[in-house]
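What follows is a set of notes on a single structure, which appears directly below.
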Amino acid sequence: MEIETPAVNVFVDIVKLIEAKSPLQRKMIAAVLGGSDALFWERTARFSARFAPLLEAHGITREKVADCYLKLCKDMLLEQIKFRKSGRYSSTSFAEVAQRVYHSETEMEAMVYGLAISQFLWRNHYALFDFFIDTIGALAPSGKVRRYLEIGPGHGLHLAESIQTFDGAHFDVVDISAVSLGLSRKVIDHFAPGRDVAFHLMDVCQFQPAHRYDLVVINEVLEHLEDPLTMLRKIAELIGEDGHVFLTTCANAPSIDHIFLYDSVEAMQAQIAQAGLTIVSERILPVESHIPRDEWRERRVEVNYGALCVATRAGGRDV
């Protein structure tokens with residue numbers, strides 16, 4: 001397809017490579033980009049302005065990023081086929097996934113760069129990104145976000161947005177994967193050099209900071225754990241009296257590194273409440289939007305989910 005955009009950018013270059021390599025992706029991309037508005041193109045242009053120097057500095061070609069995205073799509077399609085047959089995820093332990101994915105630079109690069117592009121090409125990923133940007137934008141005017149924690153930053157796009165939004169804040173970043181943390185550090189060094197960011201290679205459940213946080217962000221991490229409830233309870237302890245938690249996760253969403261299977265939106269909401277958190281606002285995004293909600297669980301509809309929460313002790317309140 002012919003992509004019309006205000007300015008040629010690295011995102012457009014990568015999309016054209018993806019289309020050239022995969023007729024199936026070309027059709028999907030045409031459907032997504034055909035309805036994109038000016039804000040979408042503004043965001044992709046901003047992403048490209050940050051992403052291009054990163055690729056150049058580390059000798060990463062646009063073709064490699066396109067291949068990473070295609071590998072991500074292929075891997076997820078294979079996992080979806082298995083899930084439809086078995087009703088369970090193929091990975092069952094964190095140790096297994098860590099060995100196969102998190103400690104492999106090749107696999108992590110493919111996943112991180114592929115997911116960075118999916119942030120714009122997958123409708124639900126973009127909708128959650130939009131929800132995140134709107135949410136932190138609403139929190140910023142209060143000036144109360146001075147201490148920020150992000151767990152498992154992945155491609156670093158959310159962290160980069162937060163660094164630009166919360167001027168003067170201190171940022172802690174925790175990840176259990178040295179490869180992932182290294183990739184995140186590269187992203188931030190180019191997206192937001194010179195900012196007050198500390199990287200910690202460790203399990204956040206063992207993290208003992210000297211202070212509590214005004215905002216904790218954990219995107220697409222809970223489904224990668226054997227016991228996400230323990231993680232959520234730890235996060236509830238880490239936020240201050242007026243602190244917030246922004247999280248995203250998914251139900252019925254097979255992937256090579258997904259372990260914990262939420263079978264419904266209600267299962268995610270119940271676990272958040274069990275951890276001692278109250279949902280302030282949420283975004284519920286079924287992949288198959290034509291299916292009635294009361295059939296989602298039975299038909300194993302994939303759902304992407306995002307929520308802004310506060311500690312239950314503080315009660316629900318508007319941002």
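Letters A, B, ... mark the chains of the structure tokens in the order given; residue numbers begin at 1 per chain; ligand numbers begin at 1, in order shown.
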Leaving out segment 104-108 of chain A and any residue of its chain fewer than 3 positions from it, which residues lie within 10 Å of it when counting only C-alpha atoms, given as a list in words?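 These residues fall inside the cut-off: Cys68, Lys71, Leu72, Ala98, Gln99, Arg100, Val101, Met111, Val112, Tyr113, Gly114, Gly154, His155, Ser177, Ala178, Val179, Ser180, Gly182 and Leu183 of chain A.
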Return as number ranges by chain the full set of residues in segment 38-221 of chain A whose backbone-based DSSP assignment is strand (DSSP E or B). A: 147-151, 170-175, 197-201, 213-219
Please, what distance in Å, to one decimal, runs between atom CA of Ala38 of chain A and atom CA of Asp134 of chain A?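 Calculated distance between atom CA of Ala38 of chain A and atom CA of Asp134 of chain A is 16.2 Å.
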Within 8 Å of segment 141-147 of chain A, counting only C-alpha atoms, which residues qualify if same-chain residues fewer than 2 places away don't, as a PyMOL selection string? chain A and resi 137-139+149+166+168-172+212-215
Go through segment 107-154 of chain A and collect every residue that DSSP, computed from the backbone, puts in alpha helix (DSSP H); the answer should be as an MDAnalysis selection string. chainID A and resid 107:121 123:139
List the neighbours of Val217 of chain A out to 7 Å using only C-alpha atoms; skip same-chain residues closer than 6 positions along the sequence, and give me the result as a ChimeraX atom specification. /A:149-151,245-247
My list of candidates is A:Ser22, A:Thr135, A:Gln208, A:Gln80. Which is closest to Arg283 of chain A when distances are computed with only C-alpha atoms?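 Of A:Ser22, A:Thr135, A:Gln208, A:Gln80, the one nearest Arg283 of chain A is A:Thr135, counting only C-alpha atoms.
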